[in-house]
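Here's the structure we're looking at; comments come further down.
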Amino acid sequence: MSKTFAVAAVLGALALAGCTQNIQPTDVDRAAIGAAAGATIAKVGGRKESDIYKAAAIGAAGGALCNDVRLCQ
């Protein structure tokens, strides 16, 4: 997976996870949103199945940790 694609997946996941501010999501909620966003970005980008799993993992980590770095509060 290219670094540009990985960065795009993380940024997309963070942006999506930040949209849940009014419902007080937990880390698990944000991780699920991030994983879905990462996998969707990879699938639409025409990546291999293994890259889709990697993008989902990156998105999940980004979503779960975005509030810790004050990106989605």
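Naming scheme: A, B, ... for chains in displayed order of the structure tokens; residues 1 onward per chain; ligands 1 onward as shown.
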Exercise: Ile58 (chain A) partners within 12 Å, only C-alpha atoms, chain neighbours under 4 positions left out, as JSON, numbers by chain = {"A": [1, 3, 5, 6, 7, 8, 9, 10, 11, 12, 13, 14, 31, 32, 33, 34, 35, 36, 37, 38, 39, 41, 42, 51, 52, 53, 54, 62, 63, 64, 65, 66]}
Export of the given selection (N, CA and C atoms) as a tab-separated table (two decimals), in the first residue's frame:
```tsv
chain	number	residue	atom	x	y	z
A	1	MET	N	0.86	-1.17	0.00
A	1	MET	CA	0.00	0.00	0.00
A	1	MET	C	0.90	1.23	0.00
A	3	LYS	N	2.22	5.07	0.55
A	3	LYS	CA	2.11	5.97	1.69
A	3	LYS	C	1.05	7.03	1.47
A	5	PHE	N	-1.70	6.70	-0.23
A	5	PHE	CA	-2.99	6.07	-0.02
A	5	PHE	C	-3.27	5.86	1.46
A	6	ALA	N	-2.25	5.47	2.22
A	6	ALA	CA	-2.42	5.27	3.65
A	6	ALA	C	-2.77	6.57	4.35
A	7	VAL	N	-2.12	7.64	3.97
A	7	VAL	CA	-2.42	8.95	4.56
A	7	VAL	C	-3.84	9.37	4.21
A	8	ALA	N	-4.25	9.15	2.97
A	8	ALA	CA	-5.61	9.50	2.56
A	8	ALA	C	-6.64	8.70	3.34
A	9	ALA	N	-6.36	7.43	3.58
A	9	ALA	CA	-7.29	6.59	4.35
A	9	ALA	C	-7.41	7.08	5.78
A	10	VAL	N	-6.30	7.43	6.39
A	10	VAL	CA	-6.34	7.92	7.77
A	10	VAL	C	-7.07	9.25	7.86
A	11	LEU	N	-6.78	10.16	6.95
A	11	LEU	CA	-7.44	11.46	6.98
A	11	LEU	C	-8.95	11.33	6.74
A	12	GLY	N	-9.33	10.45	5.84
A	12	GLY	CA	-10.75	10.22	5.60
A	12	GLY	C	-11.43	9.63	6.83
A	13	ALA	N	-10.77	8.70	7.47
A	13	ALA	CA	-11.34	8.10	8.68
A	13	ALA	C	-11.47	9.13	9.79
A	14	LEU	N	-10.46	9.96	9.95
A	14	LEU	CA	-10.53	10.99	10.99
A	14	LEU	C	-11.65	11.98	10.71
A	31	ALA	N	-13.73	3.83	16.12
A	31	ALA	CA	-12.91	2.82	15.44
A	31	ALA	C	-13.73	2.12	14.35
A	32	ALA	N	-14.98	1.82	14.63
A	32	ALA	CA	-15.84	1.18	13.63
A	32	ALA	C	-16.06	2.10	12.43
A	33	ILE	N	-16.30	3.37	12.70
A	33	ILE	CA	-16.49	4.33	11.62
A	33	ILE	C	-15.20	4.47	10.80
A	34	GLY	N	-14.07	4.54	11.49
A	34	GLY	CA	-12.80	4.65	10.81
A	34	GLY	C	-12.48	3.43	9.96
A	35	ALA	N	-12.77	2.25	10.49
A	35	ALA	CA	-12.52	1.02	9.73
A	35	ALA	C	-13.39	0.97	8.48
A	36	ALA	N	-14.64	1.34	8.63
A	36	ALA	CA	-15.55	1.35	7.48
A	36	ALA	C	-15.07	2.35	6.43
A	37	ALA	N	-14.65	3.52	6.88
A	37	ALA	CA	-14.17	4.53	5.94
A	37	ALA	C	-12.91	4.07	5.24
A	38	GLY	N	-11.97	3.51	5.98
A	38	GLY	CA	-10.73	3.03	5.38
A	38	GLY	C	-10.97	1.92	4.37
A	39	ALA	N	-11.82	0.98	4.72
A	39	ALA	CA	-12.13	-0.13	3.80
A	39	ALA	C	-12.84	0.37	2.56
A	41	ILE	N	-12.66	3.40	1.21
A	41	ILE	CA	-11.71	4.13	0.38
A	41	ILE	C	-10.83	3.16	-0.41
A	42	ALA	N	-10.39	2.09	0.23
A	42	ALA	CA	-9.55	1.10	-0.45
A	42	ALA	C	-10.32	0.36	-1.53
A	51	ASP	N	-4.94	-5.17	0.89
A	51	ASP	CA	-4.83	-3.72	1.10
A	51	ASP	C	-6.10	-3.16	1.74
A	52	ILE	N	-7.23	-3.75	1.44
A	52	ILE	CA	-8.49	-3.31	2.05
A	52	ILE	C	-8.45	-3.57	3.55
A	53	TYR	N	-7.92	-4.73	3.94
A	53	TYR	CA	-7.81	-5.04	5.37
A	53	TYR	C	-6.84	-4.09	6.07
A	54	LYS	N	-5.74	-3.78	5.39
A	54	LYS	CA	-4.77	-2.84	5.96
A	54	LYS	C	-5.39	-1.46	6.13
A	62	GLY	N	-6.96	5.14	13.48
A	62	GLY	CA	-7.14	6.59	13.39
A	62	GLY	C	-8.42	7.06	14.05
A	63	GLY	N	-9.49	6.32	13.84
A	63	GLY	CA	-10.76	6.68	14.45
A	63	GLY	C	-10.75	6.56	15.96
A	64	ALA	N	-10.14	5.50	16.46
A	64	ALA	CA	-10.10	5.29	17.91
A	64	ALA	C	-9.22	6.31	18.61
A	65	LEU	N	-8.16	6.74	17.94
A	65	LEU	CA	-7.19	7.62	18.58
A	65	LEU	C	-7.40	9.10	18.26
A	66	CYS	N	-8.36	9.42	17.39
A	66	CYS	CA	-8.47	10.83	16.97
A	66	CYS	C	-8.83	11.77	18.11
```
Step one, run DSSP on the backbone; step two, keep only residues of region 32-73 of chain A assigned to helix (DSSP H, G or I); then write them as a CSV table (one decimal) with N, CA, C and O atoms, in the first residue's frame.
```csv
chain,number,residue,atom,x,y,z
A,32,ALA,N,-15.0,1.8,14.6
A,32,ALA,CA,-15.8,1.2,13.6
A,32,ALA,C,-16.1,2.1,12.4
A,32,ALA,O,-16.0,1.7,11.3
A,33,ILE,N,-16.3,3.4,12.7
A,33,ILE,CA,-16.5,4.3,11.6
A,33,ILE,C,-15.2,4.5,10.8
A,33,ILE,O,-15.2,4.5,9.6
A,34,GLY,N,-14.1,4.5,11.5
A,34,GLY,CA,-12.8,4.7,10.8
A,34,GLY,C,-12.5,3.4,10.0
A,34,GLY,O,-12.0,3.6,8.8
A,35,ALA,N,-12.8,2.3,10.5
A,35,ALA,CA,-12.5,1.0,9.7
A,35,ALA,C,-13.4,1.0,8.5
A,35,ALA,O,-12.9,0.6,7.4
A,36,ALA,N,-14.6,1.3,8.6
A,36,ALA,CA,-15.5,1.4,7.5
A,36,ALA,C,-15.1,2.4,6.4
A,36,ALA,O,-15.1,2.1,5.2
A,37,ALA,N,-14.7,3.5,6.9
A,37,ALA,CA,-14.2,4.5,5.9
A,37,ALA,C,-12.9,4.1,5.2
A,37,ALA,O,-12.8,4.2,4.0
A,38,GLY,N,-12.0,3.5,6.0
A,38,GLY,CA,-10.7,3.0,5.4
A,38,GLY,C,-11.0,1.9,4.4
A,38,GLY,O,-10.4,1.9,3.3
A,39,ALA,N,-11.8,1.0,4.7
A,39,ALA,CA,-12.1,-0.1,3.8
A,39,ALA,C,-12.8,0.4,2.6
A,39,ALA,O,-12.6,-0.1,1.4
A,40,THR,N,-13.7,1.3,2.7
A,40,THR,CA,-14.5,1.9,1.6
A,40,THR,C,-13.6,2.6,0.6
A,40,THR,O,-13.6,2.4,-0.6
A,41,ILE,N,-12.7,3.4,1.2
A,41,ILE,CA,-11.7,4.1,0.4
A,41,ILE,C,-10.8,3.2,-0.4
A,41,ILE,O,-10.6,3.4,-1.6
A,42,ALA,N,-10.4,2.1,0.2
A,42,ALA,CA,-9.5,1.1,-0.4
A,42,ALA,C,-10.3,0.4,-1.5
A,42,ALA,O,-9.8,0.1,-2.6
A,43,LYS,N,-11.6,0.0,-1.2
A,43,LYS,CA,-12.4,-0.7,-2.2
A,43,LYS,C,-12.7,0.1,-3.4
A,43,LYS,O,-12.5,-0.3,-4.6
A,44,VAL,N,-13.0,1.4,-3.2
A,44,VAL,CA,-13.3,2.3,-4.3
A,44,VAL,C,-12.0,2.6,-5.1
A,44,VAL,O,-12.1,2.7,-6.3
A,49,GLU,N,-7.5,-7.2,-1.9
A,49,GLU,CA,-8.2,-7.5,-0.7
A,49,GLU,C,-7.3,-7.3,0.6
A,49,GLU,O,-7.7,-6.8,1.6
A,50,SER,N,-6.0,-7.7,0.5
A,50,SER,CA,-5.1,-7.5,1.6
A,50,SER,C,-4.9,-6.0,1.9
A,50,SER,O,-4.8,-5.6,3.1
A,51,ASP,N,-4.9,-5.2,0.9
A,51,ASP,CA,-4.8,-3.7,1.1
A,51,ASP,C,-6.1,-3.2,1.7
A,51,ASP,O,-6.0,-2.2,2.5
A,52,ILE,N,-7.2,-3.8,1.4
A,52,ILE,CA,-8.5,-3.3,2.1
A,52,ILE,C,-8.5,-3.6,3.6
A,52,ILE,O,-8.8,-2.7,4.4
A,53,TYR,N,-7.9,-4.7,3.9
A,53,TYR,CA,-7.8,-5.0,5.4
A,53,TYR,C,-6.8,-4.1,6.1
A,53,TYR,O,-7.1,-3.6,7.2
A,54,LYS,N,-5.7,-3.8,5.4
A,54,LYS,CA,-4.8,-2.8,6.0
A,54,LYS,C,-5.4,-1.5,6.1
A,54,LYS,O,-5.2,-0.8,7.2
A,55,ALA,N,-6.1,-1.0,5.1
A,55,ALA,CA,-6.8,0.3,5.2
A,55,ALA,C,-7.8,0.3,6.3
A,55,ALA,O,-8.0,1.3,7.0
A,56,ALA,N,-8.5,-0.8,6.5
A,56,ALA,CA,-9.5,-0.8,7.6
A,56,ALA,C,-8.8,-0.8,8.9
A,56,ALA,O,-9.3,-0.1,9.8
A,57,ALA,N,-7.7,-1.4,9.1
A,57,ALA,CA,-7.0,-1.4,10.3
A,57,ALA,C,-6.4,0.0,10.6
A,57,ALA,O,-6.5,0.5,11.7
A,58,ILE,N,-5.9,0.7,9.6
A,58,ILE,CA,-5.4,2.0,9.7
A,58,ILE,C,-6.5,3.0,10.1
A,58,ILE,O,-6.4,3.8,11.0
A,59,GLY,N,-7.7,2.8,9.4
A,59,GLY,CA,-8.8,3.7,9.7
A,59,GLY,C,-9.4,3.4,11.1
A,59,GLY,O,-9.7,4.4,11.8
A,60,ALA,N,-9.3,2.2,11.6
A,60,ALA,CA,-9.8,1.9,12.9
A,60,ALA,C,-8.9,2.5,13.9
A,60,ALA,O,-9.4,3.1,14.9
A,61,ALA,N,-7.6,2.4,13.7
A,61,ALA,CA,-6.7,3.1,14.7
A,61,ALA,C,-6.8,4.6,14.7
A,61,ALA,O,-6.8,5.2,15.7
A,62,GLY,N,-7.0,5.1,13.5
A,62,GLY,CA,-7.1,6.6,13.4
A,62,GLY,C,-8.4,7.1,14.0
A,62,GLY,O,-8.4,8.1,14.8
A,63,GLY,N,-9.5,6.3,13.8
A,63,GLY,CA,-10.8,6.7,14.4
A,63,GLY,C,-10.7,6.6,16.0
A,63,GLY,O,-11.3,7.4,16.7
A,64,ALA,N,-10.1,5.5,16.5
A,64,ALA,CA,-10.1,5.3,17.9
A,64,ALA,C,-9.2,6.3,18.6
A,64,ALA,O,-9.5,6.7,19.7
A,65,LEU,N,-8.2,6.7,17.9
A,65,LEU,CA,-7.2,7.6,18.6
A,65,LEU,C,-7.4,9.1,18.3
A,65,LEU,O,-6.7,9.9,18.8
```
